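Peer 1: Quick one: this structure, given as structure tokens, is what I'll be asking you about.
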Amino acid sequence: MEALQDEPRVARKAASMTAKRGAYAFGRYAETQAVAWLEKRGYTILGRNYRTRTSEVDIIARMDGILAFVEVKARTSAAYGLPCEAVTLRKQTRIAQAAQSWLYEQDLSDSYVRFDVIEIYPGRIRHIRNAFETPEAVA
Amino acid sequence: MFARVTSYGLDGMDPFEVSVEVNFSGGVPYFGLVGLPDASVKEAKERVDAALRNSGLRVPAARVIVNLAPASIRKIGSMYDLPIAVSMLIGAGQLDPSAVKGVMFVGELALDGTLRPVPGALSGALFARERKASALILPVENAREVACVDRVPLLAASSLGQVADHLAGRAKITPLKPVPYETLRSKTTSDHDLAYVRGQYEAKRVLEITAAGGHNLLMLGPPGSGKTMLARCLPGILPDMSFEEALEVTRIHSVAGRLKADGAMLTERPFRAPHHTSSSAALVGGGRDASPGEMSFAHHGVLFLDELPEYPKYVLESLRQPLEDGRVSIARVHAHRVYPSRVMLIAAMNPCKCGYYGQAGGRCKCSPDDVRRYQGRVSGPLMDRIDLRIRVGSVPVEDLSLSAPDAESSESVRLRVQAARRRQLERYSGTGLYTNAQLDNRLILEHCPMSDIARNMLLLVTQRYDLTPRSHFRIIKVARTIADLAASDFIEETHIAEAVRYRMLDESSWV
């Protein structure tokens, strides 16, 4: 390790991996907060971190017969813009694809579906219902 | 859930029924618009979405498919916003489907849910009446345009919220009360009155004949002799538009979105004076969507072409067929349309490049060749379609002096014109024609009895000047009008003589 740290390139990589691991943990922590928040409001959680080879969705929840596919975005500061702004069209497409494959697997393709975003700031949480529509590429 | 709402589309001036169908189903949320919508229709999605939200109406996330049937005809415009919004409310279970039974909807939505006016509302209202719709719900700003349409309940709404309240039975909209056409007609107070035109007695006489028979007219004269002024006086001596005429004229302007700012029905005969740089598409109609041109905007009115030889030749030639047929048919890739174009063509021109050929005092510096070339810019076939030609010369000084008595007013000329038109209407009742200018050769034989002397005179003229058959018949039509002004059933030799005189200009110019 000592020797390796002398090599600047490797050192940078190691540092970034630590940061990544930190971000991952932070993300997991935010998702857990979001799940708790949803459950408190009467949602039933049907799945977490559902992924296929190309797509993923953070939380699948249900209330009043409507399925919500929820993307959780957290920020420690506003320096990089609002959390919800990070849900780009590409991300939306991935979520929608994940939703379709989940619905297909569960044989629930006729259900009414919504795409939500939960934003988490330090000490604050915001639930945007129906945050976006299925992108053209998926529909 | 499925819902269907009725609306209409416009193919040129002709409305056709459009069913707006909506299906709500599960699956990932999506809004799809099908049924050959063009860009302006596709944008409805965003407007409808915002308008619903801002009207406090909620439609749940779902897979929504909107279909505009018949799906094979291209739909253009923002007029489907309202029917789409209403059908979505029904599809979402927020309105009872029975509330829209037999009701037609049209209107553009603003993002805040207010309704914006649409083009072609009059055509739509007449269509709703023809289809025996139980009501037509349209934007309140279109109310003045459809004010005269009776026998169909027209509901003018100002917002989507108001329409929803009406359909839900919370607050009914009262139908518009039809206004009689006569009350709409304003007393024409034109700035142009024959009383202000000094001298030019012959020109005024010809103008009267032109107006009485619905003929075409060419005025030839030096700059400043009053050609333009005379032309502008013409609408003032034309008879009032009948209700049917006003409907047609308003419909053309309406589908093109060319009504005045107040959106009211047009009650005065159009006077269109397109500049000589206008393209042929601007004049006869055309463009990607085959929209109407000046000839159709001047329908039942006056098309004034000032400085006739300055128009590009192909533009003038494109007028020939519409002038003859009274309608323009325009074919484009995506549209084939027919618009009416029954106009009185009034043309004005200088006799030569410098403008003074034929004037006393030798002011004209043009060579005979120059003159021929200048006049040759107006082709024979077009000239042949102009029944009346006249020289408008300079005015004698005694007529110009302020002490000279005022000339006869447009109003008193109009009374004579109206009387002559009434004779024509009676004579042609049942044939669908209004004026002598519209007569075809067969009807001329039937409706233009001539005294023997008159007939001999006409034959002599035809031979002497080697007139074309069209010229021959056009002289009869003008003579018919002159006889009508004289309240004579028979065409006498004086009528023929006068008609011939106005066709000839002089022996050196066109015949």
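Just remember, in the structure tokens the first chain shown is A, the second B, etc., residues are 1-based per chain, and ligands are 1-based in the order shown.
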Step one, run DSSP on the backbone; step two, keep only residues of range 22-221 of chain B assigned to strand (DSSP E); then write them as a ChimeraX atom specification.
Peer 2: /B:22-25,30-34,63-69,103-105,108-109,115-116,135-139,154-157,217-220
Peer 1: Pull out every residue of chain B sitting within 6 Å of chain A, counting only C-alpha atoms, and send them as a VMD selection string.
Peer 2: chain B and resid 26 to 30 62
Peer 1: Pick from A:Arg21, A:Gln33, A:Arg53, A:Thr88: nearest to Pro122 in chain A, with only C-alpha atoms counted?
Peer 2: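 Using only C-alpha atoms, Pro122 in chain A sits closest to A:Gln33.
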Peer 1: Skip Asn49 in chain A itself and residues of its chain fewer than 5 positions away, then list as JSON, numbers by chain all residues within 7 Å of it, counting only C-alpha atoms.
Peer 2: {"A": [56, 57, 58, 59]}
Peer 1: What's the 12 Å shell around range 459-471 of chain B, counting only C-alpha atoms, without same-chain residues fewer than 4 positions away, as a ChimeraX atom specification?
Peer 2: /B:324,380-388,439-441,444,450,452-455,475-478,493,496-497,499-504,506-511
Peer 1: Compare A:Cys84, A:Ile45, A:Ala137, A:Ala36 by their minimum atom-to-atom distance to Met63 in chain A, counting only C-alpha atoms, and give me the closest one.
Peer 2: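 When distances to Met63 in chain A are compared using only C-alpha atoms, the smallest one comes from A:Ile45.
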Peer 1: When you count only C-alpha atoms, which of these residues is closest to Arg75 in chain A: A:Asp107, A:Glu31, A:Glu39, A:Glu119?
Peer 2: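 The shortest atom-to-atom distance to Arg75 in chain A comes from A:Glu119.
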Peer 1: Please return as a JSON list (two decimals) with N, CA and C atoms, in the first residue's frame: the residues of range 103-273 of chain B that backbone DSSP assigns to helix (DSSP H, G or I).
Peer 2:
[["chain", "number", "residue", "atom", "x", "y", "z"],
["B", 121, "ALA", "N", -64.96, 29.23, -37.71],
["B", 121, "ALA", "CA", -66.07, 28.96, -36.79],
["B", 121, "ALA", "C", -67.43, 29.01, -37.49],
["B", 122, "LEU", "N", -67.55, 29.94, -38.47],
["B", 122, "LEU", "CA", -68.84, 30.05, -39.15],
["B", 122, "LEU", "C", -69.14, 28.77, -39.94],
["B", 123, "SER", "N", -68.14, 28.27, -40.65],
["B", 123, "SER", "CA", -68.33, 27.01, -41.38],
["B", 123, "SER", "C", -68.75, 25.92, -40.40],
["B", 124, "GLY", "N", -68.12, 25.91, -39.22],
["B", 124, "GLY", "CA", -68.43, 24.91, -38.21],
["B", 124, "GLY", "C", -69.85, 25.03, -37.69],
["B", 125, "ALA", "N", -70.29, 26.26, -37.46],
["B", 125, "ALA", "CA", -71.64, 26.47, -36.93],
["B", 125, "ALA", "C", -72.68, 26.01, -37.95],
["B", 126, "LEU", "N", -72.44, 26.32, -39.24],
["B", 126, "LEU", "CA", -73.38, 25.90, -40.28],
["B", 126, "LEU", "C", -73.38, 24.38, -40.40],
["B", 127, "PHE", "N", -72.20, 23.80, -40.21],
["B", 127, "PHE", "CA", -72.06, 22.35, -40.27],
["B", 127, "PHE", "C", -72.82, 21.70, -39.12],
["B", 128, "ALA", "N", -72.69, 22.28, -37.92],
["B", 128, "ALA", "CA", -73.40, 21.75, -36.75],
["B", 128, "ALA", "C", -74.91, 21.79, -36.99],
["B", 129, "ARG", "N", -75.37, 22.87, -37.65],
["B", 129, "ARG", "CA", -76.80, 22.98, -37.94],
["B", 129, "ARG", "C", -77.22, 21.91, -38.95],
["B", 130, "GLU", "N", -76.40, 21.75, -39.99],
["B", 130, "GLU", "CA", -76.69, 20.76, -41.02],
["B", 130, "GLU", "C", -76.74, 19.35, -40.41],
["B", 140, "VAL", "N", -65.84, 31.95, -26.87],
["B", 140, "VAL", "CA", -66.70, 33.13, -26.82],
["B", 140, "VAL", "C", -66.25, 34.18, -27.83],
["B", 141, "GLU", "N", -64.96, 34.18, -28.16],
["B", 141, "GLU", "CA", -64.48, 35.19, -29.11],
["B", 141, "GLU", "C", -64.93, 34.91, -30.54],
["B", 142, "ASN", "N", -65.48, 33.73, -30.79],
["B", 142, "ASN", "CA", -66.05, 33.43, -32.10],
["B", 142, "ASN", "C", -67.54, 33.76, -32.17],
["B", 160, "LEU", "N", -62.24, 26.30, -20.22],
["B", 160, "LEU", "CA", -62.47, 24.86, -20.08],
["B", 160, "LEU", "C", -63.29, 24.57, -18.82],
["B", 161, "GLY", "N", -62.99, 25.32, -17.76],
["B", 161, "GLY", "CA", -63.72, 25.14, -16.51],
["B", 161, "GLY", "C", -65.21, 25.39, -16.70],
["B", 162, "GLN", "N", -65.53, 26.42, -17.49],
["B", 162, "GLN", "CA", -66.94, 26.74, -17.74],
["B", 162, "GLN", "C", -67.62, 25.61, -18.53],
["B", 163, "VAL", "N", -66.89, 25.06, -19.49],
["B", 163, "VAL", "CA", -67.45, 23.95, -20.27],
["B", 163, "VAL", "C", -67.69, 22.74, -19.37],
["B", 164, "ALA", "N", -66.72, 22.45, -18.50],
["B", 164, "ALA", "CA", -66.87, 21.31, -17.59],
["B", 164, "ALA", "C", -68.05, 21.51, -16.65],
["B", 165, "ASP", "N", -68.19, 22.74, -16.14],
["B", 165, "ASP", "CA", -69.33, 23.04, -15.26],
["B", 165, "ASP", "C", -70.65, 22.87, -15.99],
["B", 166, "HIS", "N", -70.67, 23.30, -17.25],
["B", 166, "HIS", "CA", -71.89, 23.17, -18.05],
["B", 166, "HIS", "C", -72.24, 21.70, -18.25],
["B", 167, "LEU", "N", -71.24, 20.91, -18.62],
["B", 167, "LEU", "CA", -71.51, 19.50, -18.93],
["B", 167, "LEU", "C", -71.87, 18.72, -17.66],
["B", 168, "ALA", "N", -71.32, 19.16, -16.54],
["B", 168, "ALA", "CA", -71.62, 18.47, -15.29],
["B", 168, "ALA", "C", -72.95, 18.95, -14.71],
["B", 181, "TYR", "N", -79.64, 39.33, -39.60],
["B", 181, "TYR", "CA", -78.55, 39.86, -40.42],
["B", 181, "TYR", "C", -78.70, 41.37, -40.63],
["B", 182, "GLU", "N", -79.95, 41.82, -40.83],
["B", 182, "GLU", "CA", -80.19, 43.23, -41.15],
["B", 182, "GLU", "C", -79.64, 44.15, -40.06],
["B", 183, "THR", "N", -79.70, 43.70, -38.81],
["B", 183, "THR", "CA", -79.25, 44.58, -37.73],
["B", 183, "THR", "C", -77.73, 44.69, -37.69],
["B", 184, "LEU", "N", -77.04, 43.75, -38.34],
["B", 184, "LEU", "CA", -75.58, 43.79, -38.34],
["B", 184, "LEU", "C", -75.04, 44.79, -39.34],
["B", 194, "LEU", "N", -68.73, 59.25, -54.85],
["B", 194, "LEU", "CA", -68.67, 59.81, -56.20],
["B", 194, "LEU", "C", -68.91, 61.32, -56.18],
["B", 195, "ALA", "N", -69.53, 61.79, -55.11],
["B", 195, "ALA", "CA", -69.80, 63.24, -55.02],
["B", 195, "ALA", "C", -68.51, 64.04, -55.04],
["B", 196, "TYR", "N", -67.41, 63.42, -54.60],
["B", 196, "TYR", "CA", -66.15, 64.13, -54.53],
["B", 196, "TYR", "C", -65.31, 63.97, -55.79],
["B", 201, "TYR", "N", -67.49, 62.34, -66.27],
["B", 201, "TYR", "CA", -68.89, 61.89, -66.36],
["B", 201, "TYR", "C", -69.00, 60.54, -67.04],
["B", 202, "GLU", "N", -68.19, 60.40, -68.10],
["B", 202, "GLU", "CA", -68.27, 59.13, -68.82],
["B", 202, "GLU", "C", -67.78, 57.98, -67.94],
["B", 203, "ALA", "N", -66.68, 58.23, -67.22],
["B", 203, "ALA", "CA", -66.14, 57.19, -66.36],
["B", 203, "ALA", "C", -67.15, 56.79, -65.30],
["B", 204, "LYS", "N", -67.86, 57.76, -64.77],
["B", 204, "LYS", "CA", -68.85, 57.45, -63.74],
["B", 204, "LYS", "C", -69.99, 56.62, -64.31],
["B", 205, "ARG", "N", -70.38, 56.95, -65.54],
["B", 205, "ARG", "CA", -71.42, 56.19, -66.20],
["B", 205, "ARG", "C", -70.97, 54.73, -66.35],
["B", 206, "VAL", "N", -69.75, 54.54, -66.78],
["B", 206, "VAL", "CA", -69.23, 53.19, -66.96],
["B", 206, "VAL", "C", -69.14, 52.46, -65.63],
["B", 207, "LEU", "N", -68.75, 53.19, -64.62],
["B", 207, "LEU", "CA", -68.66, 52.60, -63.28],
["B", 207, "LEU", "C", -70.04, 52.09, -62.83],
["B", 208, "GLU", "N", -71.05, 52.89, -63.18],
["B", 208, "GLU", "CA", -72.42, 52.51, -62.82],
["B", 208, "GLU", "C", -72.84, 51.24, -63.55],
["B", 209, "ILE", "N", -72.50, 51.17, -64.84],
["B", 209, "ILE", "CA", -72.83, 49.98, -65.62],
["B", 209, "ILE", "C", -72.09, 48.76, -65.06],
["B", 210, "THR", "N", -70.81, 48.97, -64.76],
["B", 210, "THR", "CA", -69.99, 47.90, -64.19],
["B", 210, "THR", "C", -70.65, 47.34, -62.93],
["B", 211, "ALA", "N", -71.05, 48.27, -62.06],
["B", 211, "ALA", "CA", -71.66, 47.86, -60.79],
["B", 211, "ALA", "C", -72.99, 47.17, -61.03],
["B", 212, "ALA", "N", -73.77, 47.69, -61.97],
["B", 212, "ALA", "CA", -75.12, 47.17, -62.19],
["B", 212, "ALA", "C", -75.09, 45.74, -62.73],
["B", 213, "GLY", "N", -74.08, 45.45, -63.58],
["B", 213, "GLY", "CA", -74.08, 44.12, -64.19],
["B", 213, "GLY", "C", -73.03, 43.18, -63.62],
["B", 227, "LYS", "N", -58.21, 57.41, -61.66],
["B", 227, "LYS", "CA", -58.57, 56.00, -61.85],
["B", 227, "LYS", "C", -58.73, 55.28, -60.51],
["B", 228, "THR", "N", -57.74, 55.47, -59.66],
["B", 228, "THR", "CA", -57.77, 54.79, -58.37],
["B", 228, "THR", "C", -58.94, 55.28, -57.54],
["B", 229, "MET", "N", -59.15, 56.59, -57.58],
["B", 229, "MET", "CA", -60.25, 57.17, -56.81],
["B", 229, "MET", "C", -61.59, 56.61, -57.27],
["B", 230, "LEU", "N", -61.75, 56.49, -58.59],
["B", 230, "LEU", "CA", -63.00, 55.94, -59.12],
["B", 230, "LEU", "C", -63.19, 54.50, -58.65],
["B", 231, "ALA", "N", -62.10, 53.73, -58.71],
["B", 231, "ALA", "CA", -62.21, 52.33, -58.31],
["B", 231, "ALA", "C", -62.63, 52.22, -56.84],
["B", 232, "ARG", "N", -62.07, 53.10, -56.02],
["B", 232, "ARG", "CA", -62.39, 53.05, -54.59],
["B", 232, "ARG", "C", -63.84, 53.43, -54.32],
["B", 233, "CYS", "N", -64.44, 54.12, -55.27],
["B", 233, "CYS", "CA", -65.84, 54.50, -55.11],
["B", 233, "CYS", "C", -66.79, 53.35, -55.42],
["B", 234, "LEU", "N", -66.27, 52.34, -56.11],
["B", 234, "LEU", "CA", -67.14, 51.28, -56.59],
["B", 234, "LEU", "C", -67.90, 50.56, -55.47],
["B", 235, "PRO", "N", -67.24, 50.16, -54.37],
["B", 235, "PRO", "CA", -67.99, 49.46, -53.32],
["B", 235, "PRO", "C", -69.20, 50.26, -52.84],
["B", 236, "GLY", "N", -69.07, 51.59, -52.85],
["B", 236, "GLY", "CA", -70.14, 52.45, -52.36],
["B", 236, "GLY", "C", -71.38, 52.45, -53.24],
["B", 237, "ILE", "N", -71.25, 52.04, -54.50],
["B", 237, "ILE", "CA", -72.43, 52.02, -55.36],
["B", 237, "ILE", "C", -72.91, 50.60, -55.62],
["B", 243, "PHE", "N", -77.71, 38.04, -47.32],
["B", 243, "PHE", "CA", -77.26, 37.21, -46.20],
["B", 243, "PHE", "C", -76.41, 36.05, -46.71],
["B", 244, "GLU", "N", -76.88, 35.40, -47.79],
["B", 244, "GLU", "CA", -76.15, 34.25, -48.33],
["B", 244, "GLU", "C", -74.75, 34.66, -48.80],
["B", 245, "GLU", "N", -74.71, 35.82, -49.48],
["B", 245, "GLU", "CA", -73.41, 36.31, -49.95],
["B", 245, "GLU", "C", -72.50, 36.59, -48.76],
["B", 246, "ALA", "N", -73.06, 37.23, -47.73],
["B", 246, "ALA", "CA", -72.26, 37.58, -46.55],
["B", 246, "ALA", "C", -71.72, 36.33, -45.87],
["B", 247, "LEU", "N", -72.55, 35.28, -45.84],
["B", 247, "LEU", "CA", -72.10, 34.02, -45.24],
["B", 247, "LEU", "C", -70.89, 33.48, -45.99],
["B", 248, "GLU", "N", -71.00, 33.45, -47.33],
["B", 248, "GLU", "CA", -69.90, 32.91, -48.14],
["B", 248, "GLU", "C", -68.62, 33.71, -47.93],
["B", 249, "VAL", "N", -68.77, 35.04, -48.00],
["B", 249, "VAL", "CA", -67.60, 35.91, -47.87],
["B", 249, "VAL", "C", -66.96, 35.73, -46.49],
["B", 250, "THR", "N", -67.80, 35.69, -45.46],
["B", 250, "THR", "CA", -67.26, 35.54, -44.10],
["B", 250, "THR", "C", -66.56, 34.20, -43.94],
["B", 251, "ARG", "N", -67.13, 33.16, -44.53],
["B", 251, "ARG", "CA", -66.53, 31.83, -44.39],
["B", 251, "ARG", "C", -65.12, 31.80, -44.98],
["B", 252, "ILE", "N", -64.96, 32.40, -46.17],
["B", 252, "ILE", "CA", -63.62, 32.40, -46.78],
["B", 252, "ILE", "C", -62.63, 33.11, -45.88],
["B", 253, "HIS", "N", -63.01, 34.31, -45.42],
["B", 253, "HIS", "CA", -62.08, 35.06, -44.57],
["B", 253, "HIS", "C", -61.84, 34.32, -43.27],
["B", 254, "SER", "N", -62.85, 33.65, -42.79],
["B", 254, "SER", "CA", -62.74, 32.97, -41.50],
["B", 254, "SER", "C", -61.80, 31.77, -41.55],
["B", 255, "VAL", "N", -61.93, 30.93, -42.59],
["B", 255, "VAL", "CA", -61.06, 29.75, -42.64],
["B", 255, "VAL", "C", -59.60, 30.15, -42.79]]
Peer 1: Interatomic distance between CA of Ser394 in chain B and CA of Asp406 in chain B?
Peer 2: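 We find that CA of Ser394 in chain B and CA of Asp406 in chain B lie 17.9 Å from each other.
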Peer 1: For range 104-112 of chain B, find every residue with an atom within 6 Å (counting only C-alpha atoms), except residues of its own chain fewer than 4 positions away, and show them as a list in words.
Peer 2: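 The filter keeps Thr6, Ser7, Arg47, Ala50, Ala51, Asn54, Ser78, Met79, Asp81, Leu82, Pro83, Arg116, Val118, Leu136, Ile137, Leu138 and Pro139 of chain B.
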Peer 1: Grab the residues selected above and save them as a PDB file, in the first residue's frame with C-alpha atoms.
Peer 2:
ATOM      1  CA  THR B   6     -67.612  15.055 -31.760  1.00  0.00           C
ATOM      2  CA  SER B   7     -65.808  17.902 -33.461  1.00  0.00           C
ATOM      3  CA  ARG B  47     -51.878  22.686 -23.861  1.00  0.00           C
ATOM      4  CA  ALA B  50     -51.700  22.398 -18.555  1.00  0.00           C
ATOM      5  CA  ALA B  51     -55.246  23.642 -19.154  1.00  0.00           C
ATOM      6  CA  ASN B  54     -54.944  24.963 -14.195  1.00  0.00           C
ATOM      7  CA  SER B  78     -55.405  23.981 -32.622  1.00  0.00           C
ATOM      8  CA  MET B  79     -59.182  23.601 -32.769  1.00  0.00           C
ATOM      9  CA  ASP B  81     -57.811  21.194 -27.880  1.00  0.00           C
ATOM     10  CA  LEU B  82     -61.255  21.520 -26.326  1.00  0.00           C
ATOM     11  CA  PRO B  83     -62.743  18.261 -27.654  1.00  0.00           C
ATOM     12  CA  ARG B 116     -59.014  31.006 -27.677  1.00  0.00           C
ATOM     13  CA  VAL B 118     -60.459  29.314 -33.905  1.00  0.00           C
ATOM     14  CA  LEU B 136     -71.970  23.486 -30.662  1.00  0.00           C
ATOM     15  CA  ILE B 137     -69.681  24.632 -27.861  1.00  0.00           C
ATOM     16  CA  LEU B 138     -67.191  27.179 -29.158  1.00  0.00           C
ATOM     17  CA  PRO B 139     -64.930  29.954 -27.845  1.00  0.00           C
TER      18      PRO B 139
END
Peer 1: I want to know what sits within 10 Å of Ala281 in chain B, based on only C-alpha atoms, with residues of the same chain fewer than 2 positions away left out; could you give that as a VMD selection string?
Peer 2: chain B and resid 278 to 279 283 to 287 290 to 294 315 318 330
Peer 1: Produce a file of the selected residues containing C-alpha atoms, as a short mmCIF file (atom, residue, chain, number, x, y, z; two decimals), in the first residue's frame.
Peer 2:
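Listed below is the output, again_26.cif:
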data_model
loop_
_atom_site.label_atom_id
_atom_site.label_comp_id
_atom_site.auth_asym_id
_atom_site.auth_seq_id
_atom_site.Cartn_x
_atom_site.Cartn_y
_atom_site.Cartn_z
CA SER B 278 -47.90 39.96 -55.30
CA SER B 279 -47.19 36.39 -56.32
CA LEU B 283 -53.53 36.29 -55.90
CA VAL B 284 -55.32 33.10 -56.83
CA GLY B 285 -54.40 31.06 -53.77
CA GLY B 286 -51.94 28.30 -53.13
CA GLY B 287 -49.07 27.50 -50.82
CA ALA B 290 -53.67 25.44 -50.78
CA SER B 291 -54.99 28.46 -48.92
CA PRO B 292 -57.28 31.02 -50.57
CA GLY B 293 -55.83 34.06 -52.35
CA GLU B 294 -56.92 37.61 -53.04
CA VAL B 315 -49.59 36.27 -62.44
CA SER B 318 -53.26 32.83 -63.75
CA ILE B 330 -55.90 24.66 -56.40
#
Peer 1: Go through B:Thr267, B:His472, B:Glu492, B:Leu220 and flag the residue nearest Leu505 in chain B, using only C-alpha atoms for the distances.
Peer 2: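 Among B:Thr267, B:His472, B:Glu492, B:Leu220, it is B:Leu220 that comes nearest to Leu505 in chain B.
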Peer 1: Would you pick out the contacts of Thr52 in chain A at 9 Å or less, using only C-alpha atoms, so that residues sharing its chain but fewer than 6 positions from it are not included, and give the list as a list of chain:residue names?
Peer 2: A:Gln97, A:Ala98, A:Ser101, A:Trp102
Peer 1: I need the residue nearest Ala79 in chain A from this list: A:Phe26, A:Tyr121, A:Tyr50, A:Trp37. Use only C-alpha atoms for the distance.
Peer 2: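 Of the candidates, the smallest distance to Ala79 in chain A is held by A:Tyr121.
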